[in-house]
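Below is the file entry07.txt, which contains compact mmCIF, C-alpha atoms (C1' of nucleotides).
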```
# COMPACT_ATOMS: atom_id res chain seq x y z
CA MET T 356 0.00 0.00 0.00
CA ALA T 357 2.49 2.54 -1.20
CA ARG T 358 4.65 2.95 1.83
CA PRO T 359 5.24 6.56 2.80
CA LYS T 360 9.02 6.28 2.25
CA SER T 361 9.60 6.14 6.03
CA THR T 362 9.43 9.92 6.54
CA PRO T 363 8.20 12.29 3.86
CA ARG T 364 10.35 14.98 5.45
CA THR T 365 7.71 17.40 6.51
CA VAL T 366 8.06 20.48 8.70
CA ASP T 367 5.41 21.70 11.06
CA ASN T 368 5.28 25.44 11.23
CA PRO T 369 3.53 26.40 14.46
CA SER T 370 0.41 28.52 14.51
CA VAL T 371 0.81 32.16 15.42
CA SER T 372 -1.64 31.75 18.27
CA GLU T 373 0.81 29.51 20.08
CA VAL T 374 3.63 32.03 20.13
CA THR T 375 4.34 34.13 23.20
CA LEU T 376 5.85 37.59 23.28
CA GLN T 377 8.69 36.16 25.31
CA GLN T 378 9.42 33.63 22.61
CA LEU T 379 9.41 36.21 19.87
CA LEU T 380 11.65 38.67 21.67
CA GLU T 381 14.12 35.99 22.69
CA ALA T 382 14.21 34.81 19.10
CA VAL T 383 15.15 38.21 17.71
CA ALA T 384 17.53 39.07 20.55
CA ASP T 385 20.27 36.86 19.11
CA PRO T 386 22.60 38.45 16.56
CA VAL T 387 22.97 35.30 14.48
CA ARG T 388 19.23 34.94 14.19
CA ARG T 389 18.89 38.61 13.31
CA SER T 390 21.41 38.02 10.56
CA VAL T 391 19.15 35.32 9.18
CA ILE T 392 16.24 37.75 9.23
CA ALA T 393 18.25 40.45 7.53
CA GLN T 394 19.50 38.14 4.78
CA LEU T 395 15.99 36.92 4.09
CA ALA T 396 14.60 40.44 3.97
CA ILE T 397 17.39 41.67 1.72
CA ALA T 398 17.10 38.74 -0.64
CA GLY T 399 13.37 39.28 -0.99
CA HIS T 400 12.70 35.59 -1.61
CA ASP T 401 13.16 32.20 0.01
CA LEU T 402 16.63 30.95 0.80
CA SER T 403 17.83 27.45 1.53
CA CYS T 404 19.55 26.84 4.87
CA GLY T 405 22.87 26.28 3.18
CA THR T 406 23.00 29.60 1.39
CA PHE T 407 23.11 31.73 4.51
CA ASP T 408 26.34 33.38 5.50
CA LEU T 409 26.59 32.69 9.22
CA PRO T 410 29.55 32.69 11.58
CA VAL T 411 28.55 29.42 13.25
CA SER T 412 28.68 25.71 12.51
CA ARG T 413 25.96 23.90 10.59
CA SER T 414 24.47 22.29 13.67
CA THR T 415 24.27 25.61 15.46
CA ALA T 416 22.62 27.15 12.42
CA THR T 417 20.01 24.41 12.47
CA HIS T 418 19.30 25.28 16.07
CA HIS T 419 18.78 28.94 15.20
CA PHE T 420 16.45 28.08 12.34
CA ASN T 421 14.40 25.98 14.75
CA VAL T 422 14.10 28.85 17.21
CA LEU T 423 13.02 31.24 14.49
CA ARG T 424 10.49 28.79 13.13
CA GLU T 425 8.98 28.08 16.54
CA ALA T 426 8.62 31.80 17.09
CA CYS T 427 6.78 32.07 13.75
CA VAL T 428 9.38 34.48 12.43
CA ILE T 429 10.15 32.21 9.49
CA SER T 430 8.38 29.30 7.89
CA GLN T 431 10.21 26.35 6.43
CA HIS T 432 9.47 23.66 3.89
CA TYR T 433 11.47 20.97 2.22
CA GLN T 434 12.21 21.09 -1.45
CA GLY T 435 13.97 17.88 -2.30
CA THR T 436 16.98 17.59 -0.04
CA THR T 437 17.21 21.27 0.75
CA LYS T 438 15.13 23.20 3.23
CA MET T 439 13.77 26.57 2.24
CA ASN T 440 13.18 29.47 4.59
CA SER T 441 10.90 32.46 4.25
CA LEU T 442 9.89 35.34 6.48
CA ARG T 443 6.30 35.33 7.64
CA PRO T 444 5.73 38.83 8.93
CA ASP T 445 2.07 39.09 8.07
CA ASP T 446 0.74 36.38 10.37
CA LEU T 447 2.56 37.62 13.42
CA ASP T 448 1.37 41.15 12.84
CA ALA T 449 -2.11 40.15 13.92
CA ARG T 450 -0.85 39.06 17.30
CA PHE T 451 1.87 41.67 17.90
CA PRO T 452 0.94 44.63 15.74
CA GLY T 453 3.89 46.29 14.07
CA LEU T 454 6.45 44.45 16.11
CA LEU T 455 8.03 42.05 13.68
CA ARG T 456 7.89 44.64 10.91
CA ALA T 457 9.86 47.06 13.02
CA VAL T 458 12.33 44.37 13.98
CA ILE T 459 12.88 43.35 10.38
CA ASP T 460 13.43 46.95 9.35
CA SER T 461 15.95 47.44 12.12
CA CYS T 462 17.70 44.19 11.24
CA VAL T 463 18.11 45.32 7.65
CA ARG T 464 19.40 48.72 8.68
CA GLU T 465 21.74 47.09 11.13
CA SER T 466 23.23 45.03 8.35
CA GLY T 467 23.83 48.16 6.31
CA GLN T 468 21.83 46.97 3.32
CA VAL T 469 18.54 47.73 1.71
CA ALA T 470 15.74 45.24 1.44
CA GLN T 471 14.48 44.14 -1.96
CA ALA T 472 10.95 45.03 -2.85
CA ARG T 473 8.52 42.18 -2.39
CA MET P 749 33.18 77.20 49.65
CA ALA P 750 29.81 75.59 49.67
CA ARG P 751 30.65 71.96 49.51
CA PRO P 752 28.65 70.02 46.90
CA LYS P 753 27.22 67.71 49.58
CA SER P 754 29.59 64.98 48.43
CA THR P 755 27.34 63.68 45.60
CA PRO P 756 24.36 65.63 44.28
CA ARG P 757 22.82 62.32 43.24
CA THR P 758 22.53 62.77 39.55
CA VAL P 759 21.67 60.21 36.88
CA ASP P 760 23.07 60.23 33.39
CA ASN P 761 20.59 59.05 30.82
CA PRO P 762 22.52 57.97 27.74
CA SER P 763 21.93 59.47 24.35
CA VAL P 764 19.85 57.50 21.90
CA SER P 765 22.68 57.54 19.39
CA GLU P 766 24.76 55.32 21.65
CA VAL P 767 22.22 52.53 21.85
CA THR P 768 22.53 49.43 19.71
CA LEU P 769 19.73 47.24 18.44
CA GLN P 770 21.24 44.39 20.35
CA GLN P 771 21.08 46.37 23.57
CA LEU P 772 17.46 47.33 23.04
CA LEU P 773 16.28 43.85 22.17
CA GLU P 774 18.14 42.27 25.07
CA ALA P 775 16.60 44.85 27.37
CA VAL P 776 13.04 44.03 26.38
CA ALA P 777 13.59 40.29 26.20
CA ASP P 778 13.47 39.92 29.97
CA PRO P 779 10.02 39.42 31.53
CA VAL P 780 10.80 41.45 34.66
CA ARG P 781 11.92 44.39 32.56
CA ARG P 782 8.84 44.07 30.38
CA SER P 783 6.75 44.22 33.52
CA VAL P 784 8.41 47.53 34.36
CA ILE P 785 7.55 48.81 30.91
CA ALA P 786 3.96 47.64 31.20
CA GLN P 787 3.46 49.21 34.61
CA LEU P 788 4.85 52.51 33.40
CA ALA P 789 2.69 52.50 30.31
CA ILE P 790 -0.43 51.58 32.27
CA ALA P 791 0.17 54.20 34.92
CA GLY P 792 0.62 56.89 32.31
CA HIS P 793 3.00 58.89 34.50
CA ASP P 794 6.31 58.55 36.28
CA LEU P 795 6.74 55.96 38.98
CA SER P 796 9.35 55.69 41.70
CA CYS P 797 11.47 52.56 41.80
CA GLY P 798 9.84 51.43 45.02
CA THR P 799 6.30 51.47 43.73
CA PHE P 800 6.78 48.76 41.15
CA ASP P 801 5.38 45.35 41.78
CA LEU P 802 8.21 43.03 40.84
CA PRO P 803 8.91 39.42 41.77
CA VAL P 804 12.59 40.05 42.52
CA SER P 805 14.71 41.57 45.27
CA ARG P 806 15.53 45.27 45.46
CA SER P 807 19.06 44.83 44.24
CA THR P 808 17.92 42.83 41.25
CA ALA P 809 15.33 45.47 40.48
CA THR P 810 18.05 48.11 40.51
CA HIS P 811 19.95 46.05 37.99
CA HIS P 812 16.95 45.87 35.68
CA PHE P 813 16.36 49.61 35.90
CA ASN P 814 19.96 50.17 34.90
CA VAL P 815 19.62 47.96 31.88
CA LEU P 816 16.47 49.72 30.78
CA ARG P 817 18.02 53.13 31.27
CA GLU P 818 21.16 52.24 29.33
CA ALA P 819 18.99 51.02 26.49
CA CYS P 820 17.15 54.35 26.51
CA VAL P 821 13.86 52.62 27.22
CA ILE P 822 13.34 54.64 30.37
CA SER P 823 14.85 57.81 31.77
CA GLN P 824 15.47 58.33 35.45
CA HIS P 825 15.92 61.29 37.77
CA TYR P 826 16.17 61.75 41.48
CA GLN P 827 13.47 63.49 43.41
CA GLY P 828 14.70 63.76 46.94
CA THR P 829 15.53 60.27 48.13
CA THR P 830 13.37 58.49 45.60
CA LYS P 831 14.21 57.82 41.99
CA MET P 832 11.60 58.42 39.37
CA ASN P 833 11.23 56.46 36.13
CA SER P 834 9.53 57.37 32.89
CA LEU P 835 9.24 55.80 29.48
CA ARG P 836 10.97 57.60 26.67
CA PRO P 837 9.53 56.12 23.52
CA ASP P 838 9.82 59.17 21.32
CA ASP P 839 13.60 59.48 21.25
CA LEU P 840 14.21 55.87 20.39
CA ASP P 841 11.68 55.97 17.60
CA ALA P 842 14.05 58.05 15.53
CA ARG P 843 16.66 55.34 15.64
CA PHE P 844 14.46 52.24 15.49
CA PRO P 845 11.22 53.37 13.89
CA GLY P 846 8.14 51.84 15.45
CA LEU P 847 10.04 49.29 17.43
CA LEU P 848 9.71 50.47 21.00
CA ARG P 849 6.13 51.56 20.40
CA ALA P 850 5.23 48.08 19.25
CA VAL P 851 7.05 46.53 22.18
CA ILE P 852 5.28 48.76 24.68
CA ASP P 853 1.92 47.93 23.17
CA SER P 854 2.65 44.23 23.33
CA CYS P 855 3.88 44.54 26.91
CA VAL P 856 0.65 46.19 27.94
CA ARG P 857 -1.45 43.59 26.17
CA GLU P 858 0.64 40.87 27.71
CA SER P 859 -0.14 42.20 31.17
CA GLY P 860 -3.83 42.11 30.41
CA GLN P 861 -4.37 45.78 31.10
CA VAL P 862 -5.05 48.93 29.15
CA ALA P 863 -2.66 51.84 29.06
CA GLN P 864 -3.76 55.21 30.36
CA ALA P 865 -3.97 58.04 27.88
CA ARG P 866 -1.01 60.35 27.98
C1' DC R 1280 23.12 64.25 65.58
C1' DC R 1281 20.43 60.22 64.86
C1' DG R 1282 17.73 57.18 62.69
C1' DC R 1283 14.71 55.91 58.95
C1' DT R 1284 13.78 55.20 54.14
C1' DC R 1285 15.42 54.48 49.42
C1' DC R 1286 18.26 52.87 46.51
C1' DT R 1287 23.10 51.18 45.12
C1' DT R 1288 27.31 48.40 45.04
C1' DC R 1289 29.69 44.27 45.53
C1' DG R 1290 30.75 39.50 45.39
C1' DA R 1291 28.94 34.92 44.84
C1' DC R 1292 26.23 31.38 42.79
C1' DG R 1293 23.38 28.64 39.59
C1' DC R 1294 21.19 27.92 35.44
C1' DC R 1295 20.24 28.44 30.76
C1' DC R 1296 21.62 29.04 26.04
C1' DG R 1297 24.78 29.25 22.34
C1' DT R 1298 28.40 26.56 20.67
C1' DC R 1299 30.70 22.52 18.76
C1' DG R 1300 31.80 17.79 16.78
C1' DT R 1301 30.18 13.47 15.74
C1' DA R 1302 27.02 10.39 14.11
C1' DG R 1303 22.87 9.69 11.69
C1' DT R 1304 18.76 10.11 8.16
C1' DA R 1305 16.57 11.42 3.92
C1' DT R 1306 16.88 12.67 -1.02
C1' DG R 1307 18.68 12.70 -5.63
C1' DG R 1308 21.93 11.37 -9.31
C1' DC R 1309 24.58 8.00 -11.63
C1' DG B 1298 22.75 -0.24 -5.46
C1' DC B 1299 25.82 3.40 -3.98
C1' DC B 1300 27.74 7.60 -3.05
C1' DA B 1301 27.35 12.54 -2.46
C1' DT B 1302 24.72 16.21 -0.54
C1' DA B 1303 21.89 18.63 2.83
C1' DC B 1304 20.32 18.96 7.06
C1' DT B 1305 19.27 16.97 11.92
C1' DA B 1306 19.85 14.86 16.54
C1' DC B 1307 22.49 14.23 20.48
C1' DG B 1308 25.53 14.93 24.22
C1' DA B 1309 28.97 17.96 26.22
C1' DC B 1310 31.00 22.18 27.49
C1' DG B 1311 31.66 27.14 28.74
C1' DG B 1312 30.35 31.74 29.59
C1' DG B 1313 27.10 35.12 30.62
C1' DC B 1314 23.11 36.85 32.88
C1' DG B 1315 19.65 36.96 36.43
C1' DT B 1316 19.42 36.24 41.12
C1' DC B 1317 20.35 37.05 46.02
C1' DG B 1318 22.02 38.96 50.68
C1' DA B 1319 24.84 41.97 53.11
C1' DA B 1320 26.84 46.33 53.63
C1' DG B 1321 26.83 51.14 52.54
C1' DG B 1322 25.78 56.16 50.89
C1' DA B 1323 22.25 59.92 50.39
C1' DG B 1324 18.55 62.63 51.68
C1' DC B 1325 14.80 63.91 55.11
C1' DG B 1326 12.63 64.48 59.59
C1' DG B 1327 13.03 65.01 64.16
```

Any chance you could give the structure as structure tokens?
Amino acid sequence: MARPKSTPRTVDNPSVSEVTLQQLLEAVADPVRRSVIAQLAIAGHDLSCGTFDLPVSRSTATHHFNVLREACVISQHYQGTTKMNSLRPDDLDARFPGLLRAVIDSCVRESGQVAQAR
Amino acid sequence: MARPKSTPRTVDNPSVSEVTLQQLLEAVADPVRRSVIAQLAIAGHDLSCGTFDLPVSRSTATHHFNVLREACVISQHYQGTTKMNSLRPDDLDARFPGLLRAVIDSCVRESGQVAQAR
DNA sequence: CCGCTCCTTCGACGCCCGTCGTAGTATGGC
DNA sequence: GCCATACTACGACGGGCGTCGAAGGAGCGG
């Protein structure tokens, strides 16, 4: 009966309603994670985990991606063997109005770049 | 020659231009410090250090006030033997547009109260 | 001058989080 | 089938931050 190849490699992106303010603020308080946010905002489109320029090891990067995903700052999905990441500012805005937008803007400014139009 | 009573008890509130995004986000990432922010916003006017309802010791509270002041989230000034605290959202807005406003709003919501009009 | 109230400073301590390397799993190409 | 690639899971380690209590300075009222 068409075995589901052991694990179809799915990611569960939490619902915004499960995120706490504490979680969100802790997530964006780390410089490495803010770098992820900035690179995503500047790129203007999804990026695979491997294409980020981060000053930490791969396993540490995975950890940071998890934190960001659980805080609903990014959403992730597999695409073959690579994992794509995108910002999800709109959802979170309903729960914490203006907050993530402002953080993203500040992250981009901090990195000295300009975000691409969406 | 009119001795300056040893120490006139002055507080130096840093300039907004010296604050980093890292500093600001770390400051608001702590629940005790967010409680300070919420209580100030709800009160709608200055509060002395002693009037806050915080789940930590006095010395720890002092530490948190310092962190908030150095991040330009609050400004402090002595008034006799008590030290008064006020939010200073306007200054910081120039450097990190919308950020502190959004944080304050979320802090107030988090505490389940409604802020007084200013 | 004395004591009371506020708040600060200092040193110590414990825990949590960011970090790493290694080993492991899933996918795709040949 | 088999290897290469991409990411994850796990356990361990270290440093930093939040916490406290004790001791102390500053102003105010008698």

Using all atoms listed in the file, which residues sit within 12 Å of segment 361-375 of chain T once same-chain residues fewer than 4 positions away are excluded, as an MDAnalysis selection string?
-> (chainID T and resid 357 379:382 420:451) or (chainID P and resid 777 779 854:855 857:858) or (chainID R and resid 1304:1306) or (chainID B and resid 1304:1305)

**Report entry** Local residues around (22.1, 14.2, 12.9), at most 7 Å away, using only C-alpha atoms (C1' of nucleotides), as a list in words
**Finding:**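 The requested residues, written out, are DA1302 and DG1303 of chain R; DT1305 and DA1306 of chain B.
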
With distances taken over all atoms listed in the file, the candidate from P:Gly792, P:Leu769, P:Leu802, P:Ala863 nearest Ala457 of chain T is P:Leu769

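Using all atoms listed in the file, the contacts of DG1300 of chain R at a cut-off of 10 Å, with sequence neighbours closer than 4 positions omitted, comprise Ser412 and Ser414 of chain T; DA1309 of chain B.
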
What separates atom C1' of DC1281 of chain R and atom C1' of DA1320 of chain B is a distance of 19.0 Å

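Between atom CA of Val411 of chain T and atom C1' of DT1302 of chain B the separation is 19.5 Å.
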
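Atom CA of Ser403 of chain T to atom CA of Pro452 of chain T spans 28.0 Å [interatomic distance, one decimal].
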